[in-house]
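Colleague: This one is final_17.cif, mmCIF, C-alpha atoms.
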data_data
loop_
_atom_site.group_PDB
_atom_site.id
_atom_site.type_symbol
_atom_site.label_atom_id
_atom_site.label_comp_id
_atom_site.auth_asym_id
_atom_site.auth_seq_id
_atom_site.Cartn_x
_atom_site.Cartn_y
_atom_site.Cartn_z
ATOM 1 C CA SER Q 1 -146.144 -125.093 23.910
ATOM 2 C CA LEU Q 2 -147.237 -121.464 24.253
ATOM 3 C CA PHE Q 3 -149.783 -121.972 21.473
ATOM 4 C CA LEU Q 4 -151.247 -124.953 23.346
ATOM 5 C CA HIS Q 5 -151.335 -122.835 26.516
ATOM 6 C CA ILE Q 6 -153.199 -120.085 24.643
ATOM 7 C CA LEU Q 7 -155.582 -122.601 23.114
ATOM 8 C CA ASN Q 8 -156.347 -123.968 26.574
ATOM 9 C CA PHE Q 9 -156.528 -120.757 28.612
ATOM 10 C CA ALA Q 10 -157.228 -117.950 26.093
ATOM 11 C CA PRO Q 11 -158.619 -119.548 22.913
ATOM 12 C CA ALA Q 12 -159.753 -116.188 21.505
ATOM 13 C CA LEU Q 13 -156.069 -115.300 20.950
ATOM 14 C CA ALA Q 14 -155.205 -118.495 19.062
ATOM 15 C CA ASN Q 15 -156.141 -117.162 15.640
ATOM 16 C CA ASN Q 16 -154.252 -113.860 15.788
ATOM 17 C CA THR Q 17 -151.096 -114.541 17.794
ATOM 18 C CA SER Q 18 -148.078 -114.433 15.462
ATOM 19 C CA CYS Q 19 -144.852 -116.385 15.990
ATOM 20 C CA ILE Q 20 -141.675 -114.981 14.440
ATOM 21 C CA PHE Q 21 -137.902 -115.401 14.596
ATOM 22 C CA VAL Q 22 -135.763 -112.255 14.618
ATOM 23 C CA GLY Q 23 -132.007 -112.576 14.251
ATOM 24 C CA GLY Q 24 -131.010 -108.960 14.861
ATOM 25 C CA LEU Q 25 -132.131 -105.570 16.123
ATOM 26 C CA LYS Q 26 -132.658 -103.982 12.677
ATOM 27 C CA LYS Q 27 -134.980 -106.784 11.570
ATOM 28 C CA PHE Q 28 -136.793 -106.561 14.898
ATOM 29 C CA LYS Q 29 -137.472 -102.839 14.432
ATOM 30 C CA LYS Q 30 -138.693 -103.441 10.875
ATOM 31 C CA LYS Q 31 -141.089 -106.208 11.928
ATOM 32 C CA GLU Q 32 -142.430 -104.113 14.813
ATOM 33 C CA LYS Q 33 -143.305 -101.291 12.392
ATOM 34 C CA GLN Q 34 -144.995 -103.698 9.970
ATOM 35 C CA ARG Q 35 -147.130 -105.755 12.304
ATOM 36 C CA SER Q 36 -150.690 -105.106 13.386
ATOM 37 C CA LYS Q 37 -150.591 -103.555 16.839
ATOM 38 C CA SER Q 38 -153.850 -105.300 17.750
ATOM 39 C CA ASN Q 39 -152.261 -108.764 17.465
ATOM 40 C CA PRO Q 40 -150.126 -110.313 20.225
ATOM 41 C CA GLN Q 41 -146.872 -111.912 19.140
ATOM 42 C CA VAL Q 42 -144.189 -114.357 20.216
ATOM 43 C CA ILE Q 43 -140.578 -113.524 19.315
ATOM 44 C CA LYS Q 44 -137.687 -116.000 19.252
ATOM 45 C CA MET Q 45 -134.512 -113.917 19.229
ATOM 46 C CA HIS Q 46 -130.725 -114.135 19.420
ATOM 47 C CA PHE Q 47 -130.044 -110.612 20.637
ATOM 48 C CA LYS Q 48 -130.890 -108.175 23.444
ATOM 49 C CA PRO Q 49 -133.724 -105.949 22.209
ATOM 50 C CA ASN Q 50 -134.375 -102.278 22.866
ATOM 51 C CA CYS Q 51 -137.307 -102.984 25.113
ATOM 52 C CA THR Q 52 -138.791 -99.496 24.833
ATOM 53 C CA GLU Q 53 -139.877 -100.723 21.376
ATOM 54 C CA VAL Q 54 -141.323 -104.028 22.593
ATOM 55 C CA LEU Q 55 -145.059 -103.808 23.080
ATOM 56 C CA ASN Q 56 -146.831 -105.199 26.136
ATOM 57 C CA ASP Q 57 -148.504 -107.911 24.045
ATOM 58 C CA THR Q 58 -145.158 -109.503 23.159
ATOM 59 C CA TRP Q 59 -143.658 -112.650 24.716
ATOM 60 C CA LEU Q 60 -139.893 -113.034 24.407
ATOM 61 C CA PHE Q 61 -138.017 -116.334 23.968
ATOM 62 C CA SER Q 62 -134.277 -116.766 23.563
ATOM 63 C CA THR Q 63 -131.345 -119.177 23.766
ATOM 64 C CA ALA Q 64 -128.076 -119.234 25.701
ATOM 65 C CA ARG Q 65 -124.849 -121.230 25.656
ATOM 66 C CA ASP Q 66 -125.117 -122.588 29.196
ATOM 67 C CA LEU Q 67 -127.248 -122.435 32.329
ATOM 68 C CA SER Q 68 -125.318 -119.504 33.803
ATOM 69 C CA ASP Q 69 -125.690 -117.431 30.620
ATOM 70 C CA GLY Q 70 -129.364 -118.340 30.509
ATOM 71 C CA ARG Q 71 -129.963 -117.052 34.030
ATOM 72 C CA GLU Q 72 -128.039 -113.880 33.256
ATOM 73 C CA GLU Q 73 -130.023 -113.282 30.061
ATOM 74 C CA LYS Q 74 -133.346 -113.884 31.767
ATOM 75 C CA SER Q 75 -132.401 -111.466 34.550
ATOM 76 C CA TRP Q 76 -131.412 -108.830 31.963
ATOM 77 C CA LEU Q 77 -134.682 -109.233 30.068
ATOM 78 C CA ILE Q 78 -136.761 -108.967 33.248
ATOM 79 C CA ASP Q 79 -134.852 -105.827 34.308
ATOM 80 C CA HIS Q 80 -135.077 -104.134 30.905
ATOM 81 C CA CYS Q 81 -138.260 -105.498 29.347
ATOM 82 C CA GLY Q 82 -140.784 -105.408 32.160
ATOM 83 C CA THR Q 83 -142.344 -108.200 34.157
ATOM 84 C CA GLN Q 84 -141.279 -111.831 34.262
ATOM 85 C CA GLU Q 85 -144.596 -112.809 32.630
ATOM 86 C CA ARG Q 86 -143.339 -111.386 29.320
ATOM 87 C CA ILE Q 87 -140.306 -113.717 29.301
ATOM 88 C CA GLY Q 88 -141.432 -117.063 27.929
ATOM 89 C CA TYR Q 89 -138.397 -119.339 28.222
ATOM 90 C CA ILE Q 90 -134.615 -119.128 27.858
ATOM 91 C CA GLN Q 91 -133.326 -122.417 26.438
ATOM 92 C CA ASP Q 92 -129.672 -123.114 27.173
ATOM 93 C CA LEU Q 93 -127.571 -125.647 25.296
ATOM 94 C CA GLU Q 94 -126.056 -127.053 28.502
ATOM 95 C CA THR Q 95 -129.448 -128.168 29.802
ATOM 96 C CA LEU Q 96 -130.469 -129.439 26.366
ATOM 97 C CA SER Q 97 -127.379 -131.670 26.195
ATOM 98 C CA GLU Q 98 -128.073 -133.021 29.693
ATOM 99 C CA ILE Q 99 -131.798 -133.811 29.465
ATOM 100 C CA GLY Q 100 -132.383 -134.055 25.706
ATOM 101 C CA LEU Q 101 -135.282 -132.817 23.630
ATOM 102 C CA ASP Q 102 -137.932 -134.711 25.606
ATOM 103 C CA GLY Q 103 -136.658 -133.169 28.826
ATOM 104 C CA ILE Q 104 -136.752 -129.658 27.360
ATOM 105 C CA LEU Q 105 -140.285 -130.239 26.079
ATOM 106 C CA ARG Q 106 -141.397 -131.334 29.541
ATOM 107 C CA LYS Q 107 -139.888 -128.156 30.982
ATOM 108 C CA TYR Q 108 -141.906 -126.141 28.464
ATOM 109 C CA GLY Q 109 -144.957 -128.162 29.474
ATOM 110 C CA ASP Q 110 -144.429 -127.271 33.137
ATOM 111 C CA VAL Q 111 -143.894 -123.580 32.345
ATOM 112 C CA PHE Q 112 -147.116 -123.394 30.331
ATOM 113 C CA SER Q 113 -149.262 -125.719 32.473
ATOM 114 C CA LEU Q 114 -149.934 -128.212 29.692
ATOM 115 C CA GLU Q 115 -152.161 -131.201 30.341
ATOM 116 C CA PRO Q 116 -150.691 -134.717 29.862
ATOM 117 C CA HIS Q 117 -152.418 -135.323 26.503
ATOM 118 C CA MET Q 118 -150.990 -132.017 25.214
ATOM 119 C CA MET Q 119 -147.516 -133.046 26.342
ATOM 120 C CA ASP Q 120 -147.894 -136.383 24.557
ATOM 121 C CA ALA Q 121 -148.911 -134.608 21.349
ATOM 122 C CA MET Q 122 -145.984 -132.204 21.603
ATOM 123 C CA ILE Q 123 -143.430 -134.973 22.210
ATOM 124 C CA GLU Q 124 -144.796 -137.013 19.273
ATOM 125 C CA TYR Q 125 -144.595 -133.941 17.012
ATOM 126 C CA PHE Q 126 -141.087 -132.823 17.915
ATOM 127 C CA ASP Q 127 -139.614 -136.322 17.920
ATOM 128 C CA ILE Q 128 -140.370 -136.499 14.187
ATOM 129 C CA TRP Q 129 -139.754 -132.796 13.487
ATOM 130 C CA ASP Q 130 -136.241 -133.149 14.912
ATOM 131 C CA LYS Q 131 -135.398 -135.624 12.122
ATOM 132 C CA LEU Q 132 -136.771 -133.287 9.455
ATOM 133 C CA ARG Q 133 -134.921 -130.330 10.936
ATOM 134 C CA VAL Q 134 -131.626 -132.192 10.524
ATOM 135 C CA CYS Q 135 -132.229 -134.117 7.293
ATOM 136 C CA CYS Q 136 -134.466 -131.856 5.203
ATOM 137 C CA GLY Q 137 -134.736 -128.329 3.916
ATOM 138 C CA ARG Q 138 -132.899 -125.051 3.763
ATOM 139 C CA GLN Q 139 -131.277 -125.329 7.205
ATOM 140 C CA MET Q 140 -130.474 -129.058 7.273
ATOM 141 C CA SER Q 141 -127.333 -130.341 8.982
ATOM 142 C CA LYS Q 142 -124.193 -129.059 7.283
ATOM 143 C CA TYR Q 143 -122.847 -132.612 7.363
ATOM 144 C CA TRP Q 144 -125.873 -134.020 5.530
ATOM 145 C CA ARG Q 145 -125.824 -131.211 2.972
ATOM 146 C CA ASN Q 146 -122.145 -131.905 2.397
ATOM 147 C CA ASP Q 147 -122.915 -135.607 1.846
ATOM 148 C CA LEU Q 148 -125.556 -134.686 -0.733
ATOM 149 C CA LEU Q 149 -123.571 -132.064 -2.636
ATOM 150 C CA PRO Q 150 -122.205 -133.148 -6.037
ATOM 151 C CA THR Q 151 -118.484 -133.919 -6.089
ATOM 152 C CA ASN Q 152 -117.753 -130.922 -8.315
ATOM 153 C CA SER Q 153 -119.493 -128.436 -6.003
ATOM 154 C CA SER Q 154 -117.327 -125.620 -4.649
ATOM 155 C CA LEU Q 155 -119.237 -125.982 -1.372
ATOM 156 C CA LYS Q 156 -118.261 -129.619 -0.814
ATOM 157 C CA ASP Q 157 -115.696 -130.387 1.875
ATOM 158 C CA ALA Q 158 -114.014 -133.757 1.377
ATOM 159 C CA THR Q 159 -112.652 -133.716 4.947
ATOM 160 C CA MET Q 160 -116.032 -133.306 6.654
ATOM 161 C CA LYS Q 161 -117.421 -136.300 8.520
ATOM 162 C CA LYS Q 162 -120.472 -138.085 7.121
ATOM 163 C CA HIS Q 163 -123.892 -137.881 8.743
ATOM 164 C CA SER Q 164 -124.937 -141.061 10.527
ATOM 165 C CA LEU Q 165 -128.736 -140.694 10.822
ATOM 166 C CA CYS Q 166 -129.999 -139.089 7.607
ATOM 167 C CA PRO Q 167 -128.887 -141.826 5.145
ATOM 168 C CA THR Q 168 -130.910 -144.386 7.147
ATOM 169 C CA LEU Q 169 -134.221 -142.517 6.745
ATOM 170 C CA VAL Q 170 -136.791 -142.729 3.972
ATOM 171 C CA ILE Q 171 -137.308 -138.992 4.227
ATOM 172 C CA ASP Q 172 -140.680 -138.819 2.452
ATOM 173 C CA ASP Q 173 -142.055 -141.392 4.917
ATOM 174 C CA VAL Q 174 -140.806 -139.276 7.819
ATOM 175 C CA GLU Q 175 -142.382 -136.158 6.285
ATOM 176 C CA LYS Q 176 -145.740 -137.912 5.815
ATOM 177 C CA GLN Q 177 -145.584 -139.318 9.356
ATOM 178 C CA PHE Q 178 -144.988 -135.780 10.659
ATOM 179 C CA MET Q 179 -147.993 -134.475 8.716
ATOM 180 C CA GLU Q 180 -150.171 -137.144 10.364
ATOM 181 C CA THR Q 181 -149.354 -136.120 13.947
ATOM 182 C CA LYS Q 182 -152.127 -134.656 16.091
ATOM 183 C CA LEU Q 183 -150.255 -131.400 16.689
ATOM 184 C CA TYR Q 184 -149.436 -130.866 13.003
ATOM 185 C CA LYS Q 185 -153.116 -131.197 12.119
ATOM 186 C CA LEU Q 186 -154.106 -128.872 14.968
ATOM 187 C CA LEU Q 187 -151.583 -126.182 13.974
ATOM 188 C CA HIS Q 188 -152.694 -126.447 10.344
ATOM 189 C CA LEU Q 189 -156.165 -125.256 11.364
ATOM 190 C CA TYR Q 190 -154.690 -121.856 12.302
ATOM 191 C CA GLU Q 191 -153.207 -119.923 9.389
ATOM 192 C CA ASN Q 192 -150.874 -117.921 11.611
ATOM 193 C CA MET Q 193 -149.383 -121.170 12.993
ATOM 194 C CA ARG Q 194 -148.827 -122.985 9.679
ATOM 195 C CA PRO Q 195 -145.237 -121.724 9.144
ATOM 196 C CA ILE Q 196 -144.247 -123.713 12.252
ATOM 197 C CA ASN Q 197 -145.232 -126.945 10.455
ATOM 198 C CA ARG Q 198 -141.997 -126.973 8.446
ATOM 199 C CA PRO Q 199 -138.381 -128.042 9.077
ATOM 200 C CA SER Q 200 -137.559 -124.325 9.482
ATOM 201 C CA MET Q 201 -139.566 -121.108 9.227
ATOM 202 C CA VAL Q 202 -137.928 -120.347 5.845
ATOM 203 C CA ASP Q 203 -138.797 -123.679 4.204
ATOM 204 C CA GLU Q 204 -141.604 -124.192 1.726
ATOM 205 C CA VAL Q 205 -144.875 -125.908 2.678
ATOM 206 C CA LEU Q 206 -144.626 -129.657 3.248
ATOM 207 C CA THR Q 207 -146.348 -131.810 0.643
ATOM 208 C CA GLY Q 208 -145.249 -135.333 1.540
ATOM 209 C CA LYS Q 209 -142.486 -135.056 -1.073
ATOM 210 C CA TYR Q 210 -140.912 -131.706 -0.267
ATOM 211 C CA CYS Q 211 -137.945 -133.203 1.583
ATOM 212 C CA SER Q 212 -136.941 -135.620 -1.182
ATOM 213 C CA GLU Q 213 -137.359 -132.861 -3.779
ATOM 214 C CA TYR Q 214 -135.137 -130.560 -1.741
ATOM 215 C CA ASN Q 215 -132.509 -133.256 -1.179
ATOM 216 C CA ASP Q 216 -132.530 -134.053 -4.903
ATOM 217 C CA ALA Q 217 -131.954 -130.358 -5.653
ATOM 218 C CA VAL Q 218 -128.899 -130.358 -3.368
ATOM 219 C CA LYS Q 219 -127.566 -133.435 -5.177
ATOM 220 C CA SER Q 220 -128.211 -132.146 -8.689
ATOM 221 C CA ARG Q 221 -127.762 -128.378 -8.376
ATOM 222 C CA GLY Q 222 -125.643 -127.988 -5.265
ATOM 223 C CA ILE Q 223 -127.939 -125.485 -3.539
ATOM 224 C CA GLY Q 224 -126.514 -124.149 -0.310
ATOM 225 C CA PHE Q 225 -127.660 -123.113 3.168
ATOM 226 C CA ASN Q 226 -130.961 -121.166 3.208
ATOM 227 C CA GLN Q 227 -131.371 -121.478 -0.576
ATOM 228 C CA GLY Q 228 -134.792 -122.559 -1.845
ATOM 229 C CA LEU Q 229 -135.922 -124.918 -4.571
ATOM 230 C CA GLN Q 230 -136.364 -122.041 -7.011
ATOM 231 C CA THR Q 231 -132.790 -120.774 -6.524
#
Please re-express this file's structure in structure tokens.

Modeller:
Amino acid sequence: SLFLHILNFAPALANNTSCIFVGGLKKFKKKEKQRSKSNPQVIKMHFKPNCTEVLNDTWLFSTARDLSDGREEKSWLIDHCGTQERIGYIQDLETLSEIGLDGILRKYGDVFSLEPHMMDAMIEYFDIWDKLRVCCGRQMSKYWRNDLLPTNSSLKDATMKKHSLCPTLVIDDVEKQFMETKLYKLLHLYENMRPINRPSMVDEVLTGKYCSEYNDAVKSRGIGFNQGLQT
């Protein structure tokens, strides 16, 4: 959503704005030292940063357990990290459970002043991406991974419930459908945005067969969470 906002209101930034996820303060400090200071960036984080080390060309996004925690976190970030304009969006799980993915996307659309055709493209994209996120790749649902694991795997839990959605999908068809969406094709034009076009930021590039190859590797070799095809 922020990328679409940039493309609409500040297209000159579209090619050099980086989007990264940072899980902890040490990794954040390392990435800040490594990055080009001339390029703006968007950070998705699960921690409270030392904002003296956050540059003015950085937008901060985060998550919270519920609406109250989300308001508290946003207030903290505004107080410690500068103006409200630097805080992109705090997504809380309570609101997500109430209004669903489409509702959250529309909230993002309102925050970033997206036009209706941009909202339609974003909803189409994430409706399919949500299936890939759960049923494909390094960070797939733990229930689906458990279903796929060979019976002799030390990671397999015989007491875990089975996944209801993933077995019903022809996953390569879903992957190809995702790659045909308007937003996927648009993001692919910008090298700095291409890592977003994957089930997770740590997955390999989609090929139309990546998901079935990954699922087959779980079945045959028992690869675990965050492990790649070459593991």

Colleague: Go through Q:Asp110, Q:Glu73, Q:Asp79, Q:Glu115 one by one, measure the shortest atom-to-atom distance of each to Q:Asp92 using all atoms listed in the file, and give the residue with the smallest value.

Modeller: Q:Glu73

Colleague: Mind checking which residues fall within 12 Å of Q:Thr168, counting all atoms listed in the file, ignoring those fewer than 4 positions away in the same chain, and posting them as a ChimeraX atom specification?

Modeller: /Q:131,135,144,163-164,173-174

Colleague: From the set Q:Leu206, Q:Leu165, Q:Met201, Q:Leu149, which residue has the shortest atom-to-atom contact distance to Q:Ser220, counting all atoms listed in the file?

Modeller: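 Under the stated criterion, the closest residue is Q:Leu149.
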
Colleague: Using all atoms listed in the file, can you tell me which of Q:Val22, Q:Arg194, Q:Ala217, Q:Ser141 comes closest to Q:Phe3?

Modeller: Q:Arg194

Colleague: May I ask which of the residues Q:Leu93, Q:Cys136, Q:Leu60, Q:Cys211 is the closest one to Q:Ile20, counting all atoms listed in the file?

Modeller: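 Among the listed residues, Q:Leu60 lies closest to Q:Ile20.
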
Colleague: Excluding Q:Phe178 and residues on its chain fewer than 4 positions from it, collect all residues at most 10 Å away from it, counting all atoms listed in the file, and give them as a ChimeraX atom specification.

Modeller: /Q:124-129,131-132,172-174,182-185,197-198,206,208

Colleague: Just to confirm, what's the straight-line distance from atom CA of Q:Phe21 to atom CA of Q:Lys156 in Å (one decimal)?

Modeller: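 A separation of 28.7 Å between them.
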
Colleague: In Å, with one decimal, what is the gap from atom CA of Q:Arg65 to atom CA of Q:Met140?

Modeller: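 So the two atoms, atom CA of Q:Arg65 and atom CA of Q:Met140, lie 20.8 Å apart.
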
Colleague: Using all atoms listed in the file, which protein or nucleic acid residues come within 12 Å of Q:Ser68? Drop anything in the same chain fewer than 6 positions from it, and give the result as a PyMOL selection string.

Modeller: chain Q and resi 74-75+90-95

Colleague: Env of Q:Tyr214: 10 Å cut, atoms = only C-alpha atoms, seq-sep filter 3 positions within chain, self excluded. Answer as a ChimeraX atom specification.

Modeller: /Q:136-138,203-204,209-211,217-220,223,227-229

Colleague: Could you save those same residues with C-alpha atoms as an mmCIF file, in the frame of the given file?

Modeller:
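Everything below was put into selection_30.cif:
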data_model
loop_
_atom_site.group_PDB
_atom_site.id
_atom_site.type_symbol
_atom_site.label_atom_id
_atom_site.label_comp_id
_atom_site.auth_asym_id
_atom_site.auth_seq_id
_atom_site.Cartn_x
_atom_site.Cartn_y
_atom_site.Cartn_z
ATOM 1 C CA CYS Q 136 -134.466 -131.856 5.203
ATOM 2 C CA GLY Q 137 -134.736 -128.329 3.916
ATOM 3 C CA ARG Q 138 -132.899 -125.051 3.763
ATOM 4 C CA ASP Q 203 -138.797 -123.679 4.204
ATOM 5 C CA GLU Q 204 -141.604 -124.192 1.726
ATOM 6 C CA LYS Q 209 -142.486 -135.056 -1.073
ATOM 7 C CA TYR Q 210 -140.912 -131.706 -0.267
ATOM 8 C CA CYS Q 211 -137.945 -133.203 1.583
ATOM 9 C CA ALA Q 217 -131.954 -130.358 -5.653
ATOM 10 C CA VAL Q 218 -128.899 -130.358 -3.368
ATOM 11 C CA LYS Q 219 -127.566 -133.435 -5.177
ATOM 12 C CA SER Q 220 -128.211 -132.146 -8.689
ATOM 13 C CA ILE Q 223 -127.939 -125.485 -3.539
ATOM 14 C CA GLN Q 227 -131.371 -121.478 -0.576
ATOM 15 C CA GLY Q 228 -134.792 -122.559 -1.845
ATOM 16 C CA LEU Q 229 -135.922 -124.918 -4.571
#

Colleague: Would you list the contacts of Q:Cys19 as an NGL selection string, taking every protein, DNA or RNA residue within 12 Å and counting only C-alpha atoms, but skipping same-chain residues closer than 2 positions in sequence?

Modeller: :Q and (1-3 or 14-17 or 21-22 or 31 or 35 or 39-45 or 58-61 or 190-197 or 201)

Colleague: Could you work out how far atom CA of Q:Gly100 lies from atom CA of Q:Ser212, giving the answer in Å with one decimal?

Modeller: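 Result for atom CA of Q:Ser212 versus atom CA of Q:Gly100: 27.3 Å, one decimal.
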
Colleague: Using only C-alpha atoms, pick whichever of Q:Glu175, Q:Leu187, Q:Leu169, Q:Leu155 has the shortest atom-to-atom distance to Q:Leu7.

Modeller: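 Closest to Q:Leu7, using only C-alpha atoms: Q:Leu187.
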
Colleague: Would you output stretch 84-111 of chain Q from that structure, restricted to N, CA and C atoms, as a tab-separated table (two decimals), in the first residue's frame?

Modeller:
chain	number	residue	atom	x	y	z
Q	84	GLN	N	4.25	11.93	13.67
Q	84	GLN	CA	3.31	10.86	13.34
Q	84	GLN	C	3.48	10.41	11.89
Q	85	GLU	N	3.97	11.30	11.01
Q	85	GLU	CA	4.11	10.97	9.60
Q	85	GLU	C	5.11	9.82	9.37
Q	86	ARG	N	5.99	9.59	10.34
Q	86	ARG	CA	6.98	8.52	10.19
Q	86	ARG	C	6.43	7.17	10.62
Q	87	ILE	N	5.25	7.15	11.24
Q	87	ILE	CA	4.63	5.90	11.68
Q	87	ILE	C	3.61	5.48	10.63
Q	88	GLY	N	3.91	4.41	9.90
Q	88	GLY	CA	3.03	4.01	8.81
Q	88	GLY	C	1.71	3.43	9.29
Q	89	TYR	N	1.77	2.29	9.97
Q	89	TYR	CA	0.54	1.64	10.43
Q	89	TYR	C	0.90	0.60	11.49
Q	90	ILE	N	0.10	0.52	12.53
Q	90	ILE	CA	0.25	-0.51	13.56
Q	90	ILE	C	-0.92	-1.47	13.39
Q	91	GLN	N	-0.64	-2.68	12.93
Q	91	GLN	CA	-1.70	-3.67	12.71
Q	91	GLN	C	-1.88	-4.52	13.95
Q	92	ASP	N	-3.10	-4.53	14.50
Q	92	ASP	CA	-3.34	-5.34	15.69
Q	92	ASP	C	-4.19	-6.55	15.33
Q	93	LEU	N	-3.91	-7.65	16.01
Q	93	LEU	CA	-4.57	-8.93	15.70
Q	93	LEU	C	-6.06	-8.91	16.04
Q	94	GLU	N	-6.44	-8.10	17.03
Q	94	GLU	CA	-7.86	-7.99	17.40
Q	94	GLU	C	-8.68	-7.44	16.23
Q	95	THR	N	-8.19	-6.35	15.64
Q	95	THR	CA	-8.90	-5.76	14.51
Q	95	THR	C	-8.88	-6.70	13.31
Q	96	LEU	N	-7.75	-7.36	13.07
Q	96	LEU	CA	-7.66	-8.30	11.96
Q	96	LEU	C	-8.69	-9.41	12.09
Q	97	SER	N	-8.88	-9.94	13.30
Q	97	SER	CA	-9.85	-11.02	13.50
Q	97	SER	C	-11.28	-10.53	13.31
Q	98	GLU	N	-11.53	-9.25	13.58
Q	98	GLU	CA	-12.87	-8.70	13.47
Q	98	GLU	C	-13.26	-8.35	12.04
Q	99	ILE	N	-12.32	-7.78	11.27
Q	99	ILE	CA	-12.69	-7.26	9.94
Q	99	ILE	C	-12.03	-8.04	8.81
Q	100	GLY	N	-11.14	-8.97	9.13
Q	100	GLY	CA	-10.53	-9.81	8.11
Q	100	GLY	C	-9.50	-9.08	7.28
Q	101	LEU	N	-8.87	-9.83	6.37
Q	101	LEU	CA	-7.80	-9.27	5.55
Q	101	LEU	C	-8.30	-8.15	4.65
Q	102	ASP	N	-9.47	-8.33	4.03
Q	102	ASP	CA	-9.99	-7.28	3.16
Q	102	ASP	C	-10.21	-5.98	3.93
Q	103	GLY	N	-10.71	-6.10	5.15
Q	103	GLY	CA	-10.94	-4.91	5.96
Q	103	GLY	C	-9.65	-4.20	6.31
Q	104	ILE	N	-8.61	-4.98	6.64
Q	104	ILE	CA	-7.30	-4.39	6.95
Q	104	ILE	C	-6.74	-3.69	5.72
Q	105	LEU	N	-6.87	-4.34	4.56
Q	105	LEU	CA	-6.36	-3.74	3.33
Q	105	LEU	C	-7.06	-2.42	3.03
Q	106	ARG	N	-8.36	-2.36	3.30
Q	106	ARG	CA	-9.09	-1.11	3.06
Q	106	ARG	C	-8.64	-0.02	4.04
Q	107	LYS	N	-8.29	-0.42	5.25
Q	107	LYS	CA	-7.74	0.55	6.20
Q	107	LYS	C	-6.41	1.11	5.68
Q	108	TYR	N	-5.55	0.21	5.19
Q	108	TYR	CA	-4.30	0.65	4.57
Q	108	TYR	C	-4.59	1.61	3.41
Q	109	GLY	N	-5.58	1.26	2.60
Q	109	GLY	CA	-5.94	2.10	1.47
Q	109	GLY	C	-6.35	3.50	1.89
Q	110	ASP	N	-7.11	3.58	2.99
Q	110	ASP	CA	-7.52	4.89	3.51
Q	110	ASP	C	-6.32	5.67	4.03
Q	111	VAL	N	-5.44	4.99	4.76
Q	111	VAL	CA	-4.26	5.65	5.33
Q	111	VAL	C	-3.39	6.26	4.22
